[in-house]
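One file, work.txt, carrying compact mmCIF, C-alpha atoms:
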```txt
# COMPACT_ATOMS: atom_id res chain seq x y z
CA MET T 18 1.45 43.61 -1.24
CA ARG T 19 5.07 44.37 -0.55
CA ASN T 20 4.47 43.94 3.15
CA LEU T 21 2.88 40.59 2.52
CA LEU T 22 5.84 39.48 0.44
CA ALA T 23 8.23 40.69 3.12
CA PHE T 24 6.26 38.76 5.69
CA PHE T 25 6.51 35.54 3.69
CA LEU T 26 10.22 36.04 3.13
CA LYS T 27 10.76 36.67 6.81
CA HIS T 28 8.84 33.55 7.78
CA GLN T 29 10.07 31.59 4.79
CA PHE T 30 10.48 28.33 6.71
CA PHE T 31 6.97 28.36 8.14
CA SER T 32 5.23 29.49 4.94
CA LEU T 33 7.02 26.83 2.90
CA PHE T 34 6.02 24.24 5.49
CA ILE T 35 2.34 25.23 5.27
CA LEU T 36 2.48 25.34 1.47
CA LEU T 37 4.00 21.84 1.21
CA GLU T 38 1.54 20.39 3.73
CA ILE T 39 -1.44 21.84 1.85
CA THR T 40 -0.07 20.44 -1.43
CA SER T 41 0.39 16.98 0.12
CA VAL T 42 -3.07 16.85 1.66
CA MET T 43 -4.65 18.00 -1.59
CA MET T 44 -2.85 15.20 -3.41
CA LEU T 45 -3.97 12.78 -0.75
CA MET T 46 -7.60 13.69 -1.46
CA ASN T 47 -7.22 11.80 -4.73
CA SER T 48 -7.10 8.46 -2.97
CA PHE T 49 -10.10 8.98 -0.70
CA SER T 50 -12.52 6.95 -2.75
CA TYR T 51 -12.53 4.16 -5.26
CA GLN T 52 -13.76 6.47 -8.04
CA ARG T 53 -11.03 9.02 -7.39
CA MET T 54 -8.40 6.29 -7.33
CA LEU T 55 -9.63 5.11 -10.74
CA GLY T 56 -9.35 8.64 -12.12
CA PHE T 57 -5.85 9.04 -10.80
CA ASN T 58 -4.35 5.97 -12.57
CA ALA T 59 -1.77 4.60 -10.19
CA ALA T 60 0.29 2.50 -12.61
CA SER T 61 3.55 3.70 -14.08
CA ASP T 62 6.12 2.05 -16.31
CA ILE T 63 8.99 3.38 -14.19
CA SER T 64 7.99 1.73 -10.92
CA GLY T 65 6.80 -1.32 -12.86
CA GLU T 66 10.21 -1.75 -14.43
CA ILE T 67 11.96 -1.51 -11.04
CA TYR T 68 9.63 -4.09 -9.47
CA ASN T 69 10.10 -6.34 -12.47
CA VAL T 70 13.88 -6.35 -12.16
CA TYR T 71 13.71 -6.97 -8.42
CA ASN T 72 11.11 -9.70 -8.85
CA GLY T 73 13.35 -11.34 -11.45
CA MET T 74 16.07 -11.56 -8.82
CA THR T 75 13.96 -12.90 -5.96
CA ASP T 76 11.51 -15.04 -7.92
CA TYR T 77 13.73 -18.12 -7.81
CA PHE T 78 13.26 -18.52 -4.10
CA ASN T 79 9.54 -19.08 -4.56
CA LEU T 80 9.69 -21.53 -7.44
CA LYS T 81 9.00 -24.57 -5.32
CA LYS T 82 5.92 -22.99 -3.77
CA GLN T 83 4.70 -21.73 -7.14
CA ASN T 84 5.05 -25.17 -8.68
CA ARG T 85 3.02 -26.70 -5.91
CA GLN T 86 0.31 -24.05 -6.33
CA LEU T 87 0.15 -24.62 -10.08
CA LEU T 88 0.01 -28.38 -9.58
CA ASN T 89 -2.86 -28.08 -7.13
CA GLU T 90 -4.72 -25.77 -9.43
CA ASN T 91 -4.24 -28.05 -12.41
CA ALA T 92 -5.61 -30.91 -10.40
CA ARG T 93 -8.63 -28.89 -9.43
CA LEU T 94 -9.26 -27.77 -13.01
CA ARG T 95 -8.98 -31.33 -14.26
CA ASN T 96 -11.65 -32.29 -11.79
CA THR T 97 -14.00 -29.72 -13.24
CA LEU T 98 -13.36 -30.60 -16.87
CA LEU T 99 -16.43 -32.78 -17.20
CA THR T 100 -18.72 -30.11 -15.87
CA ASN T 101 -17.07 -27.58 -18.14
CA TYR T 102 -18.01 -29.48 -21.24
CA LEU T 103 -21.65 -30.17 -20.61
CA PRO T 104 -23.62 -30.00 -23.86
CA ALA T 105 -24.67 -26.45 -24.70
CA ASP T 106 -28.21 -25.40 -24.02
CA SER T 107 -29.92 -25.59 -27.39
CA ASN T 108 -32.62 -23.15 -26.35
CA TYR T 109 -30.20 -20.26 -26.63
CA PRO T 110 -28.27 -20.82 -29.85
CA GLU T 111 -27.07 -17.22 -30.02
CA LYS T 112 -25.28 -17.24 -26.68
CA LYS T 113 -21.56 -16.72 -26.98
CA ASP T 114 -19.17 -19.50 -26.08
CA SER T 115 -17.82 -17.70 -23.06
CA ALA T 116 -18.38 -14.32 -21.53
CA PHE T 117 -15.03 -14.09 -19.80
CA ARG T 118 -11.44 -14.49 -20.85
CA TYR T 119 -8.62 -15.19 -18.37
CA ILE T 120 -5.28 -13.54 -18.93
CA PRO T 121 -2.41 -14.96 -16.84
CA ALA T 122 -0.16 -12.43 -15.11
CA ILE T 123 2.77 -12.52 -12.72
CA VAL T 124 2.65 -10.60 -9.44
CA ILE T 125 5.74 -8.39 -9.33
CA ARG T 126 4.86 -6.57 -6.12
CA ASN T 127 2.32 -7.19 -3.43
CA THR T 128 1.81 -5.57 -0.04
CA VAL T 129 -0.34 -6.83 2.83
CA ASN T 130 0.57 -4.66 5.81
CA HIS T 131 -0.78 -1.32 4.65
CA VAL T 132 -4.22 0.22 4.89
CA SER T 133 -4.33 0.54 1.11
CA ASN T 134 -2.71 -2.56 -0.33
CA PHE T 135 -1.93 -2.90 -4.02
CA ILE T 136 -0.81 -5.67 -6.35
CA VAL T 137 1.43 -4.77 -9.30
CA LEU T 138 1.14 -7.08 -12.31
CA ASN T 139 3.36 -7.54 -15.36
CA LYS T 140 0.60 -7.05 -17.93
CA GLY T 141 -0.66 -3.69 -19.18
CA LYS T 142 -2.44 -1.81 -21.96
CA ARG T 143 -0.50 -3.63 -24.67
CA GLN T 144 -1.81 -6.94 -23.43
CA GLY T 145 -5.36 -5.62 -23.42
CA ILE T 146 -5.67 -4.86 -19.73
CA GLN T 147 -8.12 -2.12 -18.79
CA LYS T 148 -9.28 -0.53 -15.56
CA GLU T 149 -11.95 -2.29 -13.53
CA MET T 150 -11.06 -5.80 -14.58
CA GLY T 151 -11.13 -8.46 -11.89
CA VAL T 152 -8.04 -10.23 -10.57
CA LEU T 153 -8.32 -13.90 -9.64
CA SER T 154 -5.85 -16.06 -7.72
CA ASP T 155 -5.76 -19.85 -7.72
CA LYS T 156 -8.20 -19.99 -4.79
CA GLY T 157 -10.53 -17.01 -5.21
CA ILE T 158 -10.79 -13.38 -6.20
CA ALA T 159 -7.87 -11.14 -5.24
CA GLY T 160 -8.56 -7.59 -6.41
CA ILE T 161 -9.61 -5.10 -9.07
CA ILE T 162 -7.38 -3.34 -11.62
CA ILE T 163 -7.36 0.39 -10.90
CA GLY T 164 -4.48 1.62 -13.05
CA VAL T 165 -2.77 0.55 -16.27
CA SER T 166 0.41 1.70 -17.98
CA GLU T 167 1.84 0.40 -21.27
CA ASN T 168 3.30 -2.78 -19.82
CA TYR T 169 2.16 -2.93 -16.20
CA SER T 170 -1.00 -2.63 -14.20
CA VAL T 171 -1.88 -1.94 -10.58
CA ALA T 172 -4.71 -3.73 -8.83
CA MET T 173 -6.39 -2.74 -5.61
CA SER T 174 -6.02 -5.74 -3.34
CA LEU T 175 -9.08 -6.97 -1.42
CA LEU T 176 -7.04 -5.89 1.60
CA ASN T 177 -7.86 -2.26 0.90
CA ILE T 178 -9.93 0.30 2.75
CA HIS T 179 -11.94 1.01 -0.44
CA THR T 180 -12.89 -2.61 -1.14
CA HIS T 181 -16.63 -2.99 -1.67
CA ILE T 182 -17.75 -6.12 -3.50
CA SER T 183 -21.23 -7.33 -4.26
CA ALA T 184 -21.46 -10.89 -2.99
CA ARG T 185 -23.81 -13.74 -2.32
CA ILE T 186 -24.11 -16.34 0.42
CA LYS T 187 -23.59 -19.64 -1.36
CA LYS T 188 -26.02 -21.73 0.65
CA ASP T 189 -29.13 -19.57 0.23
CA ASP T 190 -28.30 -17.06 -2.52
CA GLN T 191 -28.83 -13.98 -0.32
CA LEU T 192 -27.19 -10.81 -1.60
CA VAL T 193 -24.64 -9.23 0.75
CA ASN T 194 -21.63 -6.95 0.46
CA VAL T 195 -18.00 -7.62 1.30
CA ILE T 196 -15.68 -4.96 2.67
CA TRP T 197 -12.23 -4.97 4.24
CA SER T 198 -11.92 -5.37 7.98
CA GLU T 199 -10.02 -2.48 9.49
CA LYS T 200 -9.48 -4.31 12.76
CA HIS T 201 -8.15 -7.62 11.44
CA ARG T 202 -6.24 -6.35 8.50
CA ARG T 203 -5.84 -9.69 6.75
CA ARG T 204 -9.58 -10.37 6.82
CA GLY T 205 -12.78 -8.99 5.39
CA GLN T 206 -16.26 -8.33 6.65
CA VAL T 207 -19.59 -9.43 5.28
CA VAL T 208 -22.05 -6.58 5.74
CA ASP T 209 -25.73 -5.97 4.96
CA ILE T 210 -26.79 -9.46 6.02
CA PRO T 211 -30.60 -9.52 6.36
CA ALA T 212 -31.76 -10.12 9.93
CA HIS T 213 -33.46 -13.44 9.28
CA ILE T 214 -30.32 -15.06 7.87
CA GLN T 215 -28.36 -17.26 10.22
CA LEU T 216 -24.76 -17.74 9.11
CA SER T 217 -22.41 -20.25 10.62
CA GLU T 218 -18.64 -20.56 10.61
CA GLY T 219 -17.34 -21.98 7.35
CA ASP T 220 -20.18 -20.77 5.10
CA THR T 221 -18.84 -19.79 1.70
CA ILE T 222 -19.31 -16.29 0.29
CA ILE T 223 -19.17 -16.01 -3.51
CA THR T 224 -19.33 -13.20 -6.04
CA SER T 225 -22.81 -12.17 -7.14
CA GLY T 226 -21.95 -11.29 -10.73
CA ASN T 227 -23.90 -8.04 -10.41
CA SER T 228 -20.93 -5.77 -10.93
CA PHE T 229 -19.70 -7.14 -14.31
CA ILE T 230 -16.18 -7.19 -12.88
CA PHE T 231 -16.24 -10.77 -11.63
CA PRO T 232 -18.23 -13.66 -13.06
CA ALA T 233 -20.92 -14.95 -10.69
CA GLY T 234 -20.04 -17.73 -8.28
CA MET T 235 -16.32 -17.17 -7.71
CA ASN T 236 -14.99 -17.78 -4.23
CA ILE T 237 -14.41 -14.72 -2.06
CA GLY T 238 -14.02 -16.25 1.38
CA VAL T 239 -15.50 -18.28 4.18
CA VAL T 240 -17.31 -16.92 7.23
CA HIS T 241 -14.97 -16.73 10.19
CA ASP T 242 -17.27 -15.54 12.94
CA PHE T 243 -20.89 -14.47 13.04
CA GLU T 244 -22.69 -12.71 15.85
CA LYS T 245 -26.25 -11.57 15.63
CA SER T 246 -26.60 -8.03 16.90
CA LYS T 247 -29.72 -7.17 18.85
CA ASN T 248 -30.50 -3.66 17.73
CA HIS T 249 -29.45 -3.69 14.07
CA SER T 250 -31.62 -5.00 11.30
CA LEU T 251 -28.57 -5.79 9.15
CA ASN T 252 -25.91 -8.07 10.59
CA LYS T 253 -22.16 -8.31 10.06
CA ALA T 254 -19.82 -11.27 9.94
CA GLY T 255 -16.06 -11.74 9.85
CA LEU T 256 -14.68 -13.17 6.62
CA GLN T 257 -11.51 -15.14 5.91
CA PHE T 258 -10.53 -14.52 2.29
CA CYS T 259 -9.91 -17.62 0.17
CA THR T 260 -6.94 -16.01 -1.56
CA ASP T 261 -3.70 -16.36 0.37
CA PHE T 262 -2.32 -12.85 -0.01
CA ASN T 263 0.94 -13.80 1.66
CA SER T 264 1.92 -16.10 -1.19
CA LEU T 265 0.49 -14.45 -4.26
CA HIS T 266 2.84 -15.16 -7.15
CA TYR T 267 0.66 -15.47 -10.22
CA VAL T 268 -2.94 -14.45 -10.94
CA TYR T 269 -5.45 -14.30 -13.76
CA ILE T 270 -6.93 -11.03 -14.96
CA ILE T 271 -10.57 -11.47 -15.89
CA LYS T 272 -11.68 -9.76 -19.05
CA SER T 273 -15.45 -9.51 -19.34
CA LEU T 274 -16.19 -9.77 -23.06
CA ASP T 275 -19.74 -8.48 -22.97
CA LYS T 276 -19.31 -5.81 -20.31
CA LYS T 277 -19.69 -2.93 -22.79
CA GLU T 278 -22.91 -4.37 -24.14
CA LYS T 279 -24.33 -4.82 -20.64
CA MET T 280 -23.30 -1.33 -19.53
CA LYS T 281 -24.84 0.21 -22.64
CA LEU T 282 -28.05 -1.67 -22.06
CA LEU T 283 -28.15 -0.49 -18.46
CA GLU T 284 -27.55 3.11 -19.49
CA GLU T 285 -30.27 3.01 -22.12
CA THR T 286 -32.83 1.59 -19.77
CA GLY T 287 -31.75 4.03 -17.11
CA ASP T 288 -32.36 7.02 -19.37
CA GLU T 289 -35.96 6.23 -20.11
CA MET Y 28 32.07 19.56 -0.49
CA ASN Y 29 31.19 17.40 -3.46
CA ASN Y 30 31.45 14.37 -1.26
CA ILE Y 31 28.39 15.39 0.79
CA TYR Y 32 26.16 15.58 -2.29
CA VAL Y 33 27.30 12.24 -3.70
CA LYS Y 34 26.99 10.54 -0.31
CA ASN Y 35 23.46 11.84 0.26
CA ILE Y 36 22.24 11.01 -3.25
CA VAL Y 37 23.56 7.45 -2.97
CA ARG Y 38 22.05 7.14 0.49
CA PHE Y 39 18.70 8.46 -0.78
CA VAL Y 40 18.51 5.98 -3.67
CA LEU Y 41 19.57 3.02 -1.54
CA LEU Y 42 17.15 3.82 1.29
CA ILE Y 43 14.16 4.38 -1.03
CA LEU Y 44 14.81 1.13 -2.91
CA PHE Y 45 15.34 -0.80 0.33
CA GLN Y 46 12.09 0.65 1.66
CA VAL Y 47 9.79 -0.01 -1.29
CA LEU Y 48 11.26 -3.30 -2.46
CA VAL Y 49 12.09 -5.03 0.81
CA LEU Y 50 10.61 -3.44 3.94
CA ASP Y 51 7.17 -2.69 2.45
CA THR Y 52 6.56 -6.21 1.21
CA VAL Y 53 8.27 -8.37 3.85
CA GLN Y 54 6.11 -9.45 6.77
CA PHE Y 55 7.51 -8.93 10.22
CA GLY Y 56 4.43 -10.23 11.97
CA GLY Y 57 1.42 -8.11 12.81
CA TYR Y 58 1.02 -5.08 10.58
CA VAL Y 59 4.47 -3.69 11.28
CA ILE Y 60 6.21 -1.72 8.54
CA PRO Y 61 9.53 -0.19 9.65
CA TYR Y 62 10.02 3.13 7.87
CA VAL Y 63 13.79 3.11 7.61
CA TYR Y 64 13.89 5.60 4.71
CA LEU Y 65 13.44 8.35 7.33
CA LEU Y 66 17.13 7.89 8.10
CA PHE Y 67 17.83 10.05 5.04
CA ILE Y 68 16.10 13.02 6.67
CA LEU Y 69 17.58 12.22 10.10
CA LEU Y 70 21.15 12.18 8.79
CA LEU Y 71 21.10 15.36 6.70
CA PRO Y 72 23.87 17.70 7.91
CA PHE Y 73 23.15 20.04 10.85
CA ASP Y 74 23.72 23.13 8.74
CA THR Y 75 21.32 22.17 5.94
CA ASN Y 76 19.25 25.20 4.97
CA LYS Y 77 15.86 24.87 6.70
CA SER Y 78 13.85 25.48 3.53
CA LEU Y 79 16.00 23.02 1.60
CA LEU Y 80 15.32 20.52 4.37
CA LEU Y 81 11.56 20.91 3.80
CA LEU Y 82 11.90 20.56 0.03
CA LEU Y 83 14.09 17.46 0.35
CA ALA Y 84 11.59 15.96 2.79
CA PHE Y 85 8.73 16.67 0.39
CA PHE Y 86 10.61 14.99 -2.44
CA THR Y 87 11.50 11.98 -0.27
CA GLY Y 88 7.89 11.55 0.79
CA LEU Y 89 6.65 11.85 -2.78
CA SER Y 90 9.12 9.19 -3.92
CA ILE Y 91 7.75 6.74 -1.38
CA ASP Y 92 4.19 7.74 -2.28
CA PHE Y 93 4.92 7.17 -5.95
CA PHE Y 94 5.80 3.55 -5.27
CA GLU Y 95 3.08 2.90 -2.70
CA ASN Y 96 0.26 4.61 -4.62
CA THR Y 97 -0.53 6.85 -1.66
CA MET Y 98 0.04 10.25 -3.30
CA GLY Y 99 0.66 12.86 -0.62
CA LEU Y 100 0.42 10.64 2.47
CA HIS Y 101 4.12 10.19 3.17
CA ALA Y 102 4.92 13.63 1.76
CA ALA Y 103 2.72 15.25 4.41
CA ALA Y 104 4.21 13.18 7.24
CA VAL Y 105 7.86 13.63 6.21
CA VAL Y 106 7.51 17.38 5.65
CA PHE Y 107 6.14 17.57 9.17
CA ILE Y 108 9.18 15.90 10.74
CA ALA Y 109 11.51 18.05 8.64
CA PHE Y 110 9.70 21.05 10.12
CA ALA Y 111 10.15 19.64 13.63
CA ARG Y 112 13.78 18.54 13.18
CA PRO Y 113 15.62 21.80 14.00
CA GLY Y 114 13.48 22.27 17.11
CA VAL Y 115 14.01 18.69 18.30
CA ILE Y 116 17.78 18.99 17.89
CA LYS Y 117 17.79 22.26 19.83
CA PHE Y 118 15.61 20.72 22.54
CA TYR Y 119 17.74 17.62 23.17
CA PHE Y 120 21.19 19.07 22.50
CA PRO Y 121 21.03 22.79 23.34
CA THR Y 122 24.79 23.19 23.69
CA LEU Y 123 25.89 20.98 20.79
CA GLU Y 124 28.54 22.41 18.49
CA TYR Y 125 29.13 21.13 15.01
CA THR Y 126 31.44 21.73 12.10
CA LYS Y 127 30.32 22.45 8.56
CA GLY Y 128 28.62 19.47 6.91
CA GLU Y 129 28.59 17.34 10.06
CA GLU Y 130 25.70 14.90 10.42
CA PRO Y 131 23.56 14.18 13.50
CA GLY Y 132 24.61 10.53 13.33
CA LEU Y 133 25.59 7.88 15.85
CA SER Y 134 29.19 9.01 16.18
CA LYS Y 135 28.17 12.61 16.86
CA LEU Y 136 25.20 12.12 19.21
CA GLY Y 137 26.10 8.77 20.76
CA VAL Y 138 23.75 5.79 20.80
CA THR Y 139 21.38 7.16 23.48
CA GLY Y 140 21.32 10.65 22.02
CA PHE Y 141 20.68 9.34 18.53
CA LEU Y 142 17.91 7.04 19.77
CA LYS Y 143 16.16 9.92 21.58
CA TYR Y 144 16.42 12.13 18.50
CA ALA Y 145 15.38 9.40 16.03
CA PHE Y 146 12.51 8.02 18.10
CA THR Y 147 10.95 11.44 18.68
CA LEU Y 148 10.86 12.27 14.98
CA ILE Y 149 9.82 8.77 13.90
CA LEU Y 150 6.99 8.81 16.43
CA LEU Y 151 5.76 12.15 15.07
CA HIS Y 152 5.89 10.75 11.53
CA GLN Y 153 3.98 7.63 12.55
CA ILE Y 154 1.26 9.58 14.40
CA LEU Y 155 0.60 11.80 11.40
CA LEU Y 156 0.75 8.89 8.98
CA THR Y 157 -1.74 6.79 10.94
CA PHE Y 158 -4.27 9.55 11.42
CA LEU Y 159 -4.09 10.70 7.81
CA GLU Y 160 -4.45 7.12 6.64
CA VAL Y 161 -7.27 5.83 8.80
CA PHE Y 162 -9.24 8.93 9.84
CA ASN Y 163 -11.16 7.34 12.63
CA PHE Y 164 -10.61 7.13 16.29
CA HIS Y 165 -13.03 4.43 17.37
CA ASP Y 166 -10.36 1.99 18.48
CA PHE Y 167 -8.21 4.59 20.14
CA ILE Y 168 -6.12 2.28 22.35
CA GLU Y 169 -5.44 -0.08 19.47
CA THR Y 170 -4.47 2.78 17.17
CA LEU Y 171 -2.12 4.14 19.82
CA SER Y 172 -0.45 0.77 20.38
CA HIS Y 173 -0.09 0.35 16.63
CA ILE Y 174 1.58 3.76 16.37
CA PHE Y 175 3.91 2.97 19.23
CA ILE Y 176 4.92 -0.52 18.07
CA ASN Y 177 5.50 0.61 14.50
CA ALA Y 178 7.57 3.61 15.67
CA LEU Y 179 9.71 1.27 17.81
CA ALA Y 180 10.25 -1.07 14.86
CA SER Y 181 11.20 1.87 12.62
CA THR Y 182 13.65 3.19 15.22
CA LEU Y 183 15.25 -0.24 15.53
CA GLY Y 184 15.57 -0.49 11.74
CA VAL Y 185 17.00 3.03 11.53
CA LEU Y 186 19.54 2.21 14.27
CA VAL Y 187 20.72 -0.96 12.52
CA VAL Y 188 21.15 0.78 9.15
CA ALA Y 189 22.82 3.79 10.80
CA MET Y 190 25.27 1.40 12.46
CA LEU Y 191 26.05 -0.16 9.08
CA PHE Y 192 26.75 3.30 7.63
CA THR Y 193 29.04 4.27 10.54
CA SER Y 194 30.96 1.01 10.72
CA GLN Y 195 31.80 1.42 7.04
CA LYS Y 196 33.17 4.86 7.71
CA ARG Y 197 35.31 3.61 10.58
CA ARG Y 198 36.74 0.84 8.42
CA LYS Y 199 37.66 3.39 5.79
CA ARG Y 200 39.37 5.55 8.39
CA ARG Y 201 41.39 2.62 9.67
CA LYS Y 202 42.60 1.86 6.17
CA ARG Y 203 43.81 5.41 5.81
```
Spit out the file's structure as structure tokens when you get a sec.
Amino acid sequence: MRNLLAFFLKHQFFSLFILLEITSVMMLMNSFSYQRMLGFNAASDISGEIYNVYNGMTDYFNLKKQNRQLLNENARLRNTLLTNYLPADSNYPEKKDSAFRYIPAIVIRNTVNHVSNFIVLNKGKRQGIQKEMGVLSDKGIAGIIIGVSENYSVAMSLLNIHTHISARIKKDDQLVNVIWSEKHRRRGQVVDIPAHIQLSEGDTIITSGNSFIFPAGMNIGVVHDFEKSKNHSLNKAGLQFCTDFNSLHYVYIIKSLDKKEKMKLLEETGDE
Amino acid sequence: MNNIYVKNIVRFVLLILFQVLVLDTVQFGGYVIPYVYLLFILLLPFDTNKSLLLLLAFFTGLSIDFFENTMGLHAAAVVFIAFARPGVIKFYFPTLEYTKGEEPGLSKLGVTGFLKYAFTLILLHQILLTFLEVFNFHDFIETLSHIFINALASTLGVLVVAMLFTSQKRRKRRKR
């Protein structure tokens, strides 16, 4: 024992190096999967406060752009007003008015160059934000909340190695999955496309609504390139996200009001 | 004596904030992120205790990780270059003599010497970072070019900031 201790003291530099490296790599293990990231809870009030102050200083430079984005979005929403207020279906009188609530939030930090990109938002637990809520930009979905602190929350951007979203091809309702493209880091990939489906450039990919995080039918992106492979039964396609991650200034956090009920139902049926 | 501590603490805070607020979020084209915060480790005095060097590196890496939500990633990479630093200095400048508390900065090593020293360590950091982050080697040439370009960008950033630090010092000296 004493010899061992003497050995470590003698090679203090090297032992400390190994110890610190092992510690770091063990910590790193926590971010290897989406589930582990959720467990870890990335948000903190300290970093949130720092981003908030900095964002307050630099926000003025983007006001013009933000105004234009808001204006465009208002115009688009006005166009959909009529369809929004179609008479309710009288066959289902017990259906709730809406299953989703949109909470506006300001982006106080956003990265796009990393392998794991995150969006920090200025709403947290106190404003009713929870993990696994969807994040929506003016043009399409942008990410999923993975950590909340009292006043801030952190969302995993779609530009993230762990992104895996259940999606649908708009034109023929086929179920597919969307992941991040490691090669073109600003783009995504549509995977698990059945062999008989022929996609063409510009086809829209929307959310499927299967995950309870996003409502069905929200824009994810448009197909950028599609090549049929000869030996695989499931094809892949490049995807250009609808959301412009370079100018993400405000977003909506989507709160699914009947998620608990649905999850409970699923669990109960799963048990039997 | 006190001066060294204050200077390094101020430098640490400024570099970390500059890194996480500005460099991480600004787009330089491509996927380039210059890691200028490494300058803190590069500029620690020659006679810093080796174990202290490792601990400081670990803390620096963790601070960056805390802001980037990549717990452990930068810590592992920075600890590695802190481990390599004494060896690299010995390798490039075997006969160098230094006084107590002197830093391996631009004025001591010269521009070429400093660039050699900085680029070697930054490249090591970038290699480790990339392989820990991505874990696959299928696009080997692309990964290598990414490592190289990013290391060059970091070195350039480090040089510019190091020059700012030194020019300030010279101005102060002139005033005296």
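For the pair CA of Leu176 in chain T and CA of Phe94 in chain Y, the interatomic distance is 17.4 Å.
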Counting all atoms listed in the file, give me one row per residue of range 40-150 of chain T with an atom at most 10 Å from an atom of range 49-71 of chain Y, showing the shortest contact pair and its distance in Å to one decimal, sorted by chain then residue number, as a Markdown table.
```
| residue | atom | partner | partner_atom | distance |
| --- | --- | --- | --- | --- |
| T:Tyr71 | CA | Y:Val49 | CA | 9.6 |
| T:Arg126 | CA | Y:Thr52 | CA | 7.5 |
| T:Asn127 | CA | Y:Thr52 | CA | 6.4 |
| T:Thr128 | CA | Y:Thr52 | CA | 5.0 |
| T:Val129 | CA | Y:Thr52 | CA | 7.1 |
| T:Asn130 | CA | Y:Tyr58 | CA | 4.8 |
| T:His131 | CA | Y:Tyr58 | CA | 7.2 |
| T:Val132 | CA | Y:Tyr58 | CA | 9.4 |
```
Could those residues be written to a file, using C-alpha atoms, as a compact mmCIF listing (two decimals), in the frame of the given file?
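Saved file result.txt follows:
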```txt
# COMPACT_ATOMS: atom_id res chain seq x y z
CA TYR T 71 13.71 -6.97 -8.42
CA ARG T 126 4.86 -6.57 -6.12
CA ASN T 127 2.32 -7.19 -3.43
CA THR T 128 1.81 -5.57 -0.04
CA VAL T 129 -0.34 -6.83 2.83
CA ASN T 130 0.57 -4.66 5.81
CA HIS T 131 -0.78 -1.32 4.65
CA VAL T 132 -4.22 0.22 4.89
```
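Using all atoms listed in the file, the protein and nucleic acid residues lying no more than 12 Å from Pro113 in chain Y, apart from those fewer than 6 places from it along its own chain, are Phe30 of chain T; Ile68, Leu69, Leu71, Pro72, Phe73, Asp74, Thr75, Asn76, Lys77, Ser78, Leu80, Leu81, Phe107, Tyr119, Phe120, Pro121, Pro131, Tyr144 and Leu148 of chain Y.
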*Pick the closest to chain Y from T:Thr180, T:Asn263, T:Lys27, T:Ser198: which is it, counting all atoms listed in the file?*
T:Asn263
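A straight line drawn from CA of Lys135 in chain Y to CA of Leu186 in chain Y is 13.8 Å long.
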Once 6 Å is added on each side, what are the centre and the three edge lengths, in Å to one decimal, of the axis-aligned box enclosing the listed atoms of range 127-139 of chain T? Present them as AutoDock Vina command-line options.
```
--center_x -0.5 --center_y -3.5 --center_z -4.8 --size_x 19.7 --size_y 20.1 --size_z 33.2
```
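Closest to Ser225 in chain T among T:Val42, T:Leu265, T:Ile210, T:Ile182 is T:Ile182, based on only C-alpha atoms.
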Considering all atoms listed in the file, tabulate each residue of chain T that lies at most 9 Å from chain Y along with its nearest interatomic pair and the corresponding distance in Å to one decimal; arrange the rows by chain and ascending residue number and present them as a tab-separated table.
```
residue	atom	partner	partner_atom	distance
T:Gln29	CA	Y:Ser78	CA	7.3
T:Phe30	CA	Y:Ser78	CA	5.4
T:Phe31	CA	Y:Phe110	CA	8.1
T:Leu33	CA	Y:Ser78	CA	7.0
T:Phe34	CA	Y:Leu81	CA	6.7
T:Leu37	CA	Y:Phe85	CA	7.1
T:Glu38	CA	Y:Ala103	CA	5.3
T:Ile39	CA	Y:Ala103	CA	8.2
T:Thr40	CA	Y:Gly99	CA	7.7
T:Ser41	CA	Y:Gly99	CA	4.2
T:Val42	CA	Y:Gly99	CA	5.9
T:Met43	CA	Y:Gly99	CA	7.5
T:Met44	CA	Y:Gly99	CA	5.1
T:Leu45	CA	Y:Gly99	CA	4.6
T:Met46	CA	Y:Gly99	CA	8.3
T:Asn47	CA	Y:Met98	CA	7.6
T:Ser48	CA	Y:Thr97	CA	6.9
T:Ala59	CA	Y:Asn96	CA	5.9
T:Ala60	CA	Y:Asn96	CA	8.3
T:Ser61	CA	Y:Phe93	CA	8.9
T:Ser64	CA	Y:Phe94	CA	6.3
T:Ile67	CA	Y:Leu48	CA	8.8
T:Tyr68	CA	Y:Leu48	CA	7.2
T:Tyr71	CA	Y:Leu48	CA	7.4
T:Arg126	CA	Y:Thr52	CA	7.5
T:Asn127	CA	Y:Thr52	CA	6.4
T:Thr128	CA	Y:Thr52	CA	5.0
T:Val129	CA	Y:Thr52	CA	7.1
T:Asn130	CA	Y:Tyr58	CA	4.8
T:His131	CA	Y:Tyr58	CA	7.2
T:Val132	CA	Y:Glu160	CA	7.1
T:Ser133	CA	Y:Thr97	CA	7.9
T:Asn134	CA	Y:Glu95	CA	8.3
T:Phe135	CA	Y:Glu95	CA	7.8
T:Ile178	CA	Y:Val161	CA	8.6
T:Glu199	CA	Y:Val161	CA	8.8
T:Lys200	CA	Y:Asp166	CA	8.6
T:Arg202	CA	Y:Tyr58	CA	7.7
T:Asn263	CA	Y:Gln54	CA	8.5
```
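You will find CA of Thr75 in chain T at 11.4 Å from CA of His266 in chain T.
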*Quick one: everything within 12 Å of Val138 in chain Y, counting only C-alpha atoms, minus sequence neighbours fewer than 6 positions away in the same chain. Send it as a list of chain:residue names.*
Y:Pro131, Y:Gly132, Y:Tyr144, Y:Ala145, Y:Phe146, Y:Thr182, Y:Leu183, Y:Val185, Y:Leu186, Y:Val187, Y:Ala189, Y:Met190, Y:Thr193
